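Visitor: One file is attached below, structure.tsv, containing TSV, C-alpha atoms and all ligand atoms.
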chain	number	residue	atom	x	y	z
A	1	MET	CA	0.00	0.00	0.00
A	2	THR	CA	1.50	3.34	-1.08
A	3	ASP	CA	1.92	5.95	1.67
A	4	LEU	CA	0.14	9.08	0.44
A	5	THR	CA	1.49	11.51	3.05
A	6	THR	CA	4.34	12.82	0.90
A	7	LEU	CA	3.06	11.66	-2.51
A	8	HIS	CA	1.07	14.00	-4.75
A	9	VAL	CA	-0.35	12.45	-7.91
A	10	SER	CA	-1.86	15.06	-10.19
A	11	GLN	CA	-5.49	14.47	-11.09
A	12	HIS	CA	-5.72	17.43	-13.45
A	13	PRO	CA	-7.53	16.61	-16.74
A	14	ALA	CA	-4.90	18.47	-18.79
A	15	VAL	CA	-2.20	16.32	-17.18
A	16	LEU	CA	-4.13	13.11	-17.90
A	17	HIS	CA	-4.64	14.14	-21.52
A	18	LYS	CA	-0.96	14.92	-22.09
A	19	LEU	CA	0.13	11.72	-20.33
A	20	ALA	CA	-1.74	9.66	-22.91
A	21	VAL	CA	0.21	11.37	-25.70
A	22	LEU	CA	3.48	10.88	-23.84
A	23	ARG	CA	2.93	7.17	-23.25
A	24	ASP	CA	1.80	6.36	-26.80
A	25	GLU	CA	4.50	4.37	-28.61
A	26	ASP	CA	3.75	6.28	-31.83
A	27	THR	CA	4.72	9.62	-30.27
A	28	GLU	CA	7.95	10.74	-31.99
A	29	PRO	CA	10.86	12.38	-30.10
A	30	LYS	CA	9.93	15.93	-31.19
A	31	LYS	CA	6.37	15.61	-29.87
A	32	PHE	CA	7.61	13.64	-26.85
A	33	ARG	CA	9.97	16.48	-25.86
A	34	GLU	CA	7.14	18.97	-26.31
A	35	VAL	CA	4.85	17.03	-23.99
A	36	VAL	CA	7.60	16.45	-21.39
A	37	ARG	CA	7.98	20.22	-21.31
A	38	GLU	CA	4.22	20.86	-21.01
A	39	LEU	CA	3.74	18.27	-18.26
A	40	SER	CA	6.74	19.65	-16.39
A	41	TRP	CA	5.16	23.09	-16.41
A	42	LEU	CA	1.92	21.72	-14.97
A	43	LEU	CA	3.65	19.63	-12.30
A	44	GLY	CA	5.98	22.48	-11.40
A	45	TYR	CA	2.96	24.71	-10.96
A	46	GLU	CA	1.43	22.22	-8.54
A	47	ALA	CA	4.71	21.67	-6.69
A	48	LEU	CA	5.11	25.40	-6.09
A	49	GLU	CA	1.75	25.61	-4.34
A	50	ASP	CA	3.32	26.10	-0.88
A	51	ALA	CA	6.25	28.26	-2.01
A	52	LYS	CA	6.68	31.46	-0.03
A	53	THR	CA	6.14	34.84	-1.63
A	54	ARG	CA	7.24	38.28	-0.51
A	55	PRO	CA	5.57	41.64	-1.09
A	56	LEU	CA	6.60	43.64	-4.15
A	57	GLN	CA	5.64	47.27	-4.63
A	58	ILE	CA	4.67	47.97	-8.26
A	59	ARG	CA	2.75	50.60	-10.19
A	60	THR	CA	0.00	49.57	-12.61
A	61	PRO	CA	-1.13	52.09	-15.26
A	62	MET	CA	-3.81	53.04	-12.67
A	63	GLU	CA	-2.02	53.24	-9.31
A	64	GLU	CA	0.60	51.85	-6.93
A	65	MET	CA	-0.10	48.46	-5.39
A	66	GLU	CA	1.51	45.78	-3.32
A	67	ALA	CA	1.99	42.70	-5.50
A	68	SER	CA	3.94	39.49	-4.73
A	69	GLU	CA	7.03	37.76	-6.02
A	70	LEU	CA	8.46	34.33	-5.37
A	71	GLY	CA	10.36	34.62	-2.11
A	72	GLU	CA	12.35	31.39	-2.22
A	73	ARG	CA	15.82	30.71	-3.55
A	74	ILE	CA	15.20	27.70	-5.75
A	75	GLY	CA	17.69	25.18	-7.13
A	76	LEU	CA	16.60	22.96	-10.01
A	77	VAL	CA	18.43	19.64	-10.10
A	78	PRO	CA	17.83	17.84	-13.40
A	79	ILE	CA	19.06	14.25	-13.43
A	80	LEU	CA	20.92	13.66	-16.70
A	81	ARG	CA	19.92	12.76	-19.25
A	82	ALA	CA	16.17	12.54	-19.09
A	83	GLY	CA	15.66	15.36	-16.57
A	84	LEU	CA	17.08	17.86	-19.06
A	85	GLY	CA	13.75	18.03	-20.89
A	86	MET	CA	12.05	19.36	-17.76
A	87	VAL	CA	14.36	22.32	-17.15
A	88	ASP	CA	13.06	24.95	-19.59
A	89	ALA	CA	9.48	24.71	-18.37
A	90	MET	CA	10.61	25.03	-14.76
A	91	LEU	CA	12.70	28.07	-15.59
A	92	GLU	CA	9.68	29.70	-17.20
A	93	LEU	CA	7.81	29.22	-13.92
A	94	MET	CA	10.77	30.18	-11.71
A	95	PRO	CA	12.97	32.51	-13.76
A	96	THR	CA	15.38	33.22	-10.91
A	97	ALA	CA	16.06	29.56	-10.13
A	98	GLN	CA	19.58	28.18	-10.53
A	99	VAL	CA	20.17	24.92	-12.41
A	100	TRP	CA	22.52	22.34	-10.92
A	101	HIS	CA	23.05	19.34	-13.21
A	102	LEU	CA	23.53	15.92	-11.70
A	103	GLY	CA	24.59	13.01	-13.91
A	104	LEU	CA	23.33	9.58	-12.85
A	105	PHE	CA	22.71	6.52	-14.98
A	106	ARG	CA	21.26	3.21	-13.98
A	107	ASP	CA	23.56	0.23	-14.42
A	108	GLU	CA	21.44	-2.06	-16.62
A	109	ARG	CA	22.62	-5.20	-14.84
A	110	THR	CA	22.42	-4.17	-11.18
A	111	LEU	CA	19.83	-1.34	-11.66
A	112	ARG	CA	22.00	0.67	-9.23
A	113	PRO	CA	22.68	4.35	-10.00
A	114	VAL	CA	26.17	5.45	-11.07
A	115	GLU	CA	27.08	9.12	-10.54
A	116	TYR	CA	29.16	10.64	-13.36
A	117	TYR	CA	28.59	14.40	-13.16
A	118	ASN	CA	27.90	16.90	-10.40
A	119	LYS	CA	27.58	20.64	-10.91
A	120	LEU	CA	26.33	21.66	-7.46
A	121	PRO	CA	27.69	25.03	-6.32
A	122	ASP	CA	30.12	25.27	-3.38
A	123	SER	CA	27.54	26.18	-0.75
A	124	ALA	CA	23.91	25.26	-0.22
A	125	SER	CA	22.47	28.79	-0.15
A	126	VAL	CA	18.98	27.72	-1.20
A	127	ASP	CA	15.50	27.34	0.28
A	128	LEU	CA	13.98	24.77	-2.05
A	129	CYS	CA	15.59	22.09	-4.26
A	130	LEU	CA	13.48	20.55	-7.01
A	131	ILE	CA	14.89	17.30	-8.40
A	132	LEU	CA	13.71	16.78	-11.97
A	133	ASP	CA	13.51	13.31	-13.49
A	134	PRO	CA	10.69	11.96	-15.67
A	135	MET	CA	10.89	8.43	-14.20
A	136	LEU	CA	10.88	7.06	-10.66
A	137	ALA	CA	11.36	3.30	-11.12
A	138	THR	CA	13.30	1.43	-8.40
A	139	GLY	CA	13.98	4.77	-6.73
A	140	GLY	CA	17.73	4.16	-6.77
A	141	SER	CA	18.54	7.27	-8.81
A	142	ALA	CA	16.20	9.55	-6.85
A	143	THR	CA	17.46	8.27	-3.49
A	144	ALA	CA	21.07	8.76	-4.62
A	145	ALA	CA	20.28	12.30	-5.83
A	146	ILE	CA	18.67	13.19	-2.49
A	147	ASP	CA	21.66	11.68	-0.64
A	148	VAL	CA	23.99	13.88	-2.70
A	149	LEU	CA	21.93	17.00	-1.96
A	150	LYS	CA	21.75	16.30	1.77
A	151	ARG	CA	25.49	15.55	2.03
A	152	TRP	CA	26.09	18.84	0.21
A	153	GLY	CA	24.02	20.71	2.82
A	154	ALA	CA	20.40	20.70	1.65
A	155	VAL	CA	19.07	19.83	5.11
A	156	GLN	CA	16.31	21.40	7.22
A	157	PRO	CA	15.17	24.15	6.79
A	158	VAL	CA	16.07	23.58	3.12
A	159	ARG	CA	13.28	21.60	1.48
A	160	ILE	CA	13.71	18.99	-1.25
A	161	LYS	CA	10.95	17.99	-3.65
A	162	LEU	CA	11.09	15.30	-6.28
A	163	ILE	CA	9.23	15.93	-9.54
A	164	ASN	CA	8.59	12.92	-11.78
A	165	LEU	CA	6.26	12.38	-14.67
A	166	ILE	CA	5.65	8.68	-13.96
A	167	ALA	CA	6.35	6.84	-10.70
A	168	ALA	CA	6.25	3.17	-9.74
A	169	PRO	CA	5.07	2.15	-6.25
A	170	GLU	CA	8.48	0.50	-5.67
A	171	GLY	CA	10.28	3.79	-6.31
A	172	VAL	CA	7.91	5.79	-4.15
A	173	ALA	CA	8.35	3.31	-1.28
A	174	ALA	CA	12.16	3.41	-1.61
A	175	VAL	CA	12.28	7.21	-1.50
A	176	GLN	CA	9.79	7.42	1.35
A	177	ALA	CA	11.76	4.86	3.39
A	178	ALA	CA	15.10	6.62	2.90
A	179	HIS	CA	13.86	10.22	2.88
A	180	PRO	CA	10.43	10.61	4.54
A	181	ASP	CA	10.85	14.41	4.50
A	182	VAL	CA	10.91	14.64	0.69
A	183	GLU	CA	7.65	15.41	-1.12
A	184	ILE	CA	7.08	13.59	-4.40
A	185	HIS	CA	5.00	15.18	-7.17
A	186	CYS	CA	4.10	13.07	-10.19
A	187	ALA	CA	1.59	12.88	-13.03
A	188	ALA	CA	0.92	9.15	-12.63
A	189	LEU	CA	1.48	6.28	-10.21
A	190	ASP	CA	1.76	3.18	-12.38
A	191	ARG	CA	1.25	-0.53	-11.65
A	192	GLY	CA	4.82	-1.58	-10.95
A	193	LEU	CA	8.15	-2.66	-12.45
A	194	ASN	CA	8.86	-5.47	-14.90
A	195	GLU	CA	11.79	-7.90	-14.53
A	196	LYS	CA	14.13	-5.39	-16.22
A	197	GLY	CA	13.17	-2.59	-13.85
A	198	TYR	CA	10.99	-0.74	-16.37
A	199	ILE	CA	7.78	0.90	-15.24
A	200	MET	CA	4.57	-0.83	-16.41
A	201	PRO	CA	2.68	0.40	-18.34
A	202	GLY	CA	5.07	3.38	-18.26
A	203	LEU	CA	6.38	4.91	-21.44
A	204	GLY	CA	9.60	2.98	-22.09
A	205	ASP	CA	12.96	4.71	-21.68
A	206	ALA	CA	12.40	8.42	-21.12
A	207	GLY	CA	15.95	9.39	-22.18
A	208	ASP	CA	15.83	7.36	-25.38
A	209	ARG	CA	12.39	8.65	-26.30
A	210	GLN	CA	13.43	12.27	-25.83
A	211	PHE	CA	16.71	12.01	-27.65
A	212	GLY	CA	15.87	9.38	-30.29
A	213	THR	CA	18.37	6.79	-29.05
A	214	GLY	CA	18.04	3.02	-28.47
A	215	THR	CA	15.04	0.77	-27.86
A	216	THR	CA	13.62	-0.88	-24.75
A	217	ASP	CA	13.81	-4.43	-26.23
B	1	LIG	C1	16.31	6.71	-16.04
B	1	LIG	C2	15.45	7.81	-15.45
B	1	LIG	C3	15.91	7.84	-14.02
B	1	LIG	C4	16.20	6.39	-13.74
B	1	LIG	C5	15.04	5.82	-12.97
B	1	LIG	O1	17.56	7.16	-16.32
B	1	LIG	O2	15.58	9.02	-16.12
B	1	LIG	O3	17.05	8.64	-13.82
B	1	LIG	O4	16.30	5.73	-15.01
B	1	LIG	O5	15.31	4.53	-12.58
B	1	LIG	P1	15.51	4.13	-11.04
B	1	LIG	O6	14.40	4.77	-10.29
B	1	LIG	O7	15.42	2.63	-11.09
B	1	LIG	O8	16.86	4.59	-10.61
B	1	LIG	P2	18.68	6.24	-17.03
B	1	LIG	O9	19.51	5.57	-16.01
B	1	LIG	O10	18.03	5.36	-18.05
B	1	LIG	O11	19.63	7.30	-17.72
B	1	LIG	P3	19.35	8.30	-18.94
B	1	LIG	O12	18.45	9.39	-18.42
B	1	LIG	O13	20.71	8.81	-19.26
B	1	LIG	O14	18.72	7.54	-20.07
B	2	LIG	N1	13.94	4.54	-16.65
B	2	LIG	C1	13.15	4.82	-17.71
B	2	LIG	O1	13.49	5.69	-18.54
B	2	LIG	N2	12.00	4.13	-17.85
B	2	LIG	C2	11.62	3.19	-16.98
B	2	LIG	O2	10.53	2.60	-17.16
B	2	LIG	C3	12.44	2.90	-15.89
B	2	LIG	C4	13.61	3.61	-15.73
Hey, can you dump this file as structure tokens for me?
Ligand code: PRP
Ligand code: URA
Guide:
Amino acid sequence: MTDLTTLHVSQHPAVLHKLAVLRDEDTEPKKFREVVRELSWLLGYEALEDAKTRPLQIRTPMEEMEASELGERIGLVPILRAGLGMVDAMLELMPTAQVWHLGLFRDERTLRPVEYYNKLPDSASVDLCLILDPMLATGGSATAAIDVLKRWGAVQPVRIKLINLIAAPEGVAAVQAAHPDVEIHCAALDRGLNEKGYIMPGLGDAGDRQFGTGTTD
């Protein structure tokens, strides 16, 4: 049974509609990238729901008023490769966010994550870290990414959120067991993993489908 305390699965009709396009095996890389971007925007919007704002004095053509601006220092952490497709949409929503790339790939034999790139800045001067990765399968990559962020200094009061397009219950359980403080936002919670660690029904390999490489056979 999946613990729903830190898991947010979007129920928005626009998200459901776009997910069908994303999953369809006939969706070509160009369209796939477009839909990854659109879904990221919608999930980012939902994930920012509790972000703090601060007052901003502005003048409309009519008069002065107190408006609001995002009051959090946000770090976007796309997991290479597949998380790259989520960055532009997030930057549209949060134009002042910094982007810290983290390279992790899943060893096909062991399914364990291997870190190969890390572009975190020297100090953790941030309020909110958003980890971007379309797929949460075994949870190995997400757990490793959160470990890296926490070792680096992203600990309370810094918040970490994980944004995935599709999650498997196994991955959610792994992240919740290792990091119960991390909120997970996704567009779908699928049935489970197959014997090769792919999400079912899923969408195949998110990196390959975005960048036109390989097959899932
Ligand atoms: C995919 C995906 C996640 C990981 C999820 O990346 O983008 O990072 O697998 O699997 P896990 O939850 O079992 O760790 P992959 O390793 O295929 O690398 P890629 O993005 O370079 O294709
Ligand atoms: N990574 C993917 O890209 N897809 C899966 O189904 C599992 C891991």
Visitor: So which residues fall inside 12 Å of (4.5, 25.2, -0.7) if we count only C-alpha atoms? Mind giving them as number ranges by chain?
Guide: A: 44-53, 70-72, 127-128, 130, 159-161, 183, 185
Visitor: Keeping only C-alpha atoms, write the selected residues as a PDB file, in the coordinates of the input.
Guide:
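For reference, result.pdb as written:
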ATOM      1  CA  GLY A  44       5.980  22.480 -11.400  1.00  0.00           C
ATOM      2  CA  TYR A  45       2.960  24.710 -10.960  1.00  0.00           C
ATOM      3  CA  GLU A  46       1.430  22.220  -8.540  1.00  0.00           C
ATOM      4  CA  ALA A  47       4.710  21.670  -6.690  1.00  0.00           C
ATOM      5  CA  LEU A  48       5.110  25.400  -6.090  1.00  0.00           C
ATOM      6  CA  GLU A  49       1.750  25.610  -4.340  1.00  0.00           C
ATOM      7  CA  ASP A  50       3.320  26.100  -0.880  1.00  0.00           C
ATOM      8  CA  ALA A  51       6.250  28.260  -2.010  1.00  0.00           C
ATOM      9  CA  LYS A  52       6.680  31.460  -0.030  1.00  0.00           C
ATOM     10  CA  THR A  53       6.140  34.840  -1.630  1.00  0.00           C
ATOM     11  CA  LEU A  70       8.460  34.330  -5.370  1.00  0.00           C
ATOM     12  CA  GLY A  71      10.360  34.620  -2.110  1.00  0.00           C
ATOM     13  CA  GLU A  72      12.350  31.390  -2.220  1.00  0.00           C
ATOM     14  CA  ASP A 127      15.500  27.340   0.280  1.00  0.00           C
ATOM     15  CA  LEU A 128      13.980  24.770  -2.050  1.00  0.00           C
ATOM     16  CA  LEU A 130      13.480  20.550  -7.010  1.00  0.00           C
ATOM     17  CA  ARG A 159      13.280  21.600   1.480  1.00  0.00           C
ATOM     18  CA  ILE A 160      13.710  18.990  -1.250  1.00  0.00           C
ATOM     19  CA  LYS A 161      10.950  17.990  -3.650  1.00  0.00           C
ATOM     20  CA  GLU A 183       7.650  15.410  -1.120  1.00  0.00           C
ATOM     21  CA  HIS A 185       5.000  15.180  -7.170  1.00  0.00           C
TER      22      HIS A 185
END
Visitor: Could you tell me which of A:Val158, A:Val126, A:Leu76, A:Leu102 comes closest to ligand LIG 1 (chain B) if we count only C-alpha atoms and all ligand atoms?
Guide: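 Of the candidates, the smallest distance to ligand LIG 1 (chain B) is held by A:Leu102.
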Visitor: I need the residue nearest Arg106 (chain A) from this list: A:Ala167, A:Leu56, A:Ala188, A:Ile79. Use all atoms listed in the file for the distance.
Guide: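 When distances to Arg106 (chain A) are compared using all atoms listed in the file, the smallest one comes from A:Ile79.
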Visitor: Between A:Ile163, A:Ala145, A:Val87, A:Arg59, which one has atoms that come closest to Pro113 (chain A), using only C-alpha atoms?
Guide: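 Of the candidates, the smallest distance to Pro113 (chain A) is held by A:Ala145.
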Visitor: Write out as a CSV table (one decimal) with C-alpha atoms, keeping the file's coordinate frame each polymer residue (protein, DNA or RNA) that has an atom no more than 7 Å from ligand LIG 2 (chain B), with only C-alpha atoms and all ligand atoms counted.
Guide:
chain,number,residue,atom,x,y,z
A,135,MET,CA,10.9,8.4,-14.2
A,136,LEU,CA,10.9,7.1,-10.7
A,137,ALA,CA,11.4,3.3,-11.1
A,197,GLY,CA,13.2,-2.6,-13.8
A,198,TYR,CA,11.0,-0.7,-16.4
A,199,ILE,CA,7.8,0.9,-15.2
A,200,MET,CA,4.6,-0.8,-16.4
A,202,GLY,CA,5.1,3.4,-18.3
A,203,LEU,CA,6.4,4.9,-21.4
A,204,GLY,CA,9.6,3.0,-22.1
A,205,ASP,CA,13.0,4.7,-21.7
A,206,ALA,CA,12.4,8.4,-21.1
A,207,GLY,CA,16.0,9.4,-22.2
Visitor: Can you put N, CA, C and O atoms back into region 164-176 of chain A and show it as a PDB file, in the coordinates of the input?
Guide:
ATOM      1  N   ASN A 164       8.518  13.988 -10.765  1.00  0.00           N
ATOM      2  CA  ASN A 164       8.590  12.920 -11.780  1.00  0.00           C
ATOM      3  C   ASN A 164       7.347  12.976 -12.645  1.00  0.00           C
ATOM      4  O   ASN A 164       6.292  13.411 -12.185  1.00  0.00           O
ATOM      5  N   LEU A 165       7.472  12.489 -13.857  1.00  0.00           N
ATOM      6  CA  LEU A 165       6.260  12.380 -14.670  1.00  0.00           C
ATOM      7  C   LEU A 165       5.538  11.074 -14.315  1.00  0.00           C
ATOM      8  O   LEU A 165       4.351  11.078 -14.045  1.00  0.00           O
ATOM      9  N   ILE A 166       6.278   9.958 -14.295  1.00  0.00           N
ATOM     10  CA  ILE A 166       5.650   8.680 -13.960  1.00  0.00           C
ATOM     11  C   ILE A 166       6.444   8.002 -12.831  1.00  0.00           C
ATOM     12  O   ILE A 166       7.676   7.934 -12.888  1.00  0.00           O
ATOM     13  N   ALA A 167       5.712   7.510 -11.840  1.00  0.00           N
ATOM     14  CA  ALA A 167       6.350   6.840 -10.700  1.00  0.00           C
ATOM     15  C   ALA A 167       5.817   5.415 -10.575  1.00  0.00           C
ATOM     16  O   ALA A 167       4.660   5.140 -10.910  1.00  0.00           O
ATOM     17  N   ALA A 168       6.670   4.527 -10.086  1.00  0.00           N
ATOM     18  CA  ALA A 168       6.250   3.170  -9.740  1.00  0.00           C
ATOM     19  C   ALA A 168       6.129   3.095  -8.217  1.00  0.00           C
ATOM     20  O   ALA A 168       6.891   3.755  -7.500  1.00  0.00           O
ATOM     21  N   PRO A 169       5.211   2.273  -7.708  1.00  0.00           N
ATOM     22  CA  PRO A 169       5.070   2.150  -6.250  1.00  0.00           C
ATOM     23  C   PRO A 169       6.376   1.754  -5.573  1.00  0.00           C
ATOM     24  O   PRO A 169       6.678   2.217  -4.462  1.00  0.00           O
ATOM     25  N   GLU A 170       7.191   0.924  -6.255  1.00  0.00           N
ATOM     26  CA  GLU A 170       8.480   0.500  -5.670  1.00  0.00           C
ATOM     27  C   GLU A 170       9.399   1.697  -5.441  1.00  0.00           C
ATOM     28  O   GLU A 170      10.090   1.786  -4.428  1.00  0.00           O
ATOM     29  N   GLY A 171       9.414   2.615  -6.418  1.00  0.00           N
ATOM     30  CA  GLY A 171      10.280   3.790  -6.310  1.00  0.00           C
ATOM     31  C   GLY A 171       9.790   4.743  -5.232  1.00  0.00           C
ATOM     32  O   GLY A 171      10.588   5.298  -4.459  1.00  0.00           O
ATOM     33  N   VAL A 172       8.482   4.917  -5.178  1.00  0.00           N
ATOM     34  CA  VAL A 172       7.910   5.790  -4.150  1.00  0.00           C
ATOM     35  C   VAL A 172       8.247   5.236  -2.763  1.00  0.00           C
ATOM     36  O   VAL A 172       8.690   5.972  -1.868  1.00  0.00           O
ATOM     37  N   ALA A 173       8.082   3.920  -2.592  1.00  0.00           N
ATOM     38  CA  ALA A 173       8.350   3.310  -1.280  1.00  0.00           C
ATOM     39  C   ALA A 173       9.828   3.464  -0.903  1.00  0.00           C
ATOM     40  O   ALA A 173      10.155   3.741   0.258  1.00  0.00           O
ATOM     41  N   ALA A 174      10.723   3.297  -1.894  1.00  0.00           N
ATOM     42  CA  ALA A 174      12.160   3.410  -1.610  1.00  0.00           C
ATOM     43  C   ALA A 174      12.519   4.826  -1.165  1.00  0.00           C
ATOM     44  O   ALA A 174      13.256   5.018  -0.194  1.00  0.00           O
ATOM     45  N   VAL A 175      11.977   5.817  -1.863  1.00  0.00           N
ATOM     46  CA  VAL A 175      12.280   7.210  -1.500  1.00  0.00           C
ATOM     47  C   VAL A 175      11.666   7.538  -0.138  1.00  0.00           C
ATOM     48  O   VAL A 175      12.319   8.153   0.723  1.00  0.00           O
ATOM     49  N   GLN A 176      10.442   7.103   0.068  1.00  0.00           N
ATOM     50  CA  GLN A 176       9.790   7.420   1.350  1.00  0.00           C
ATOM     51  C   GLN A 176      10.507   6.759   2.527  1.00  0.00           C
ATOM     52  O   GLN A 176      10.593   7.336   3.609  1.00  0.00           O
TER      53      GLN A 176
END
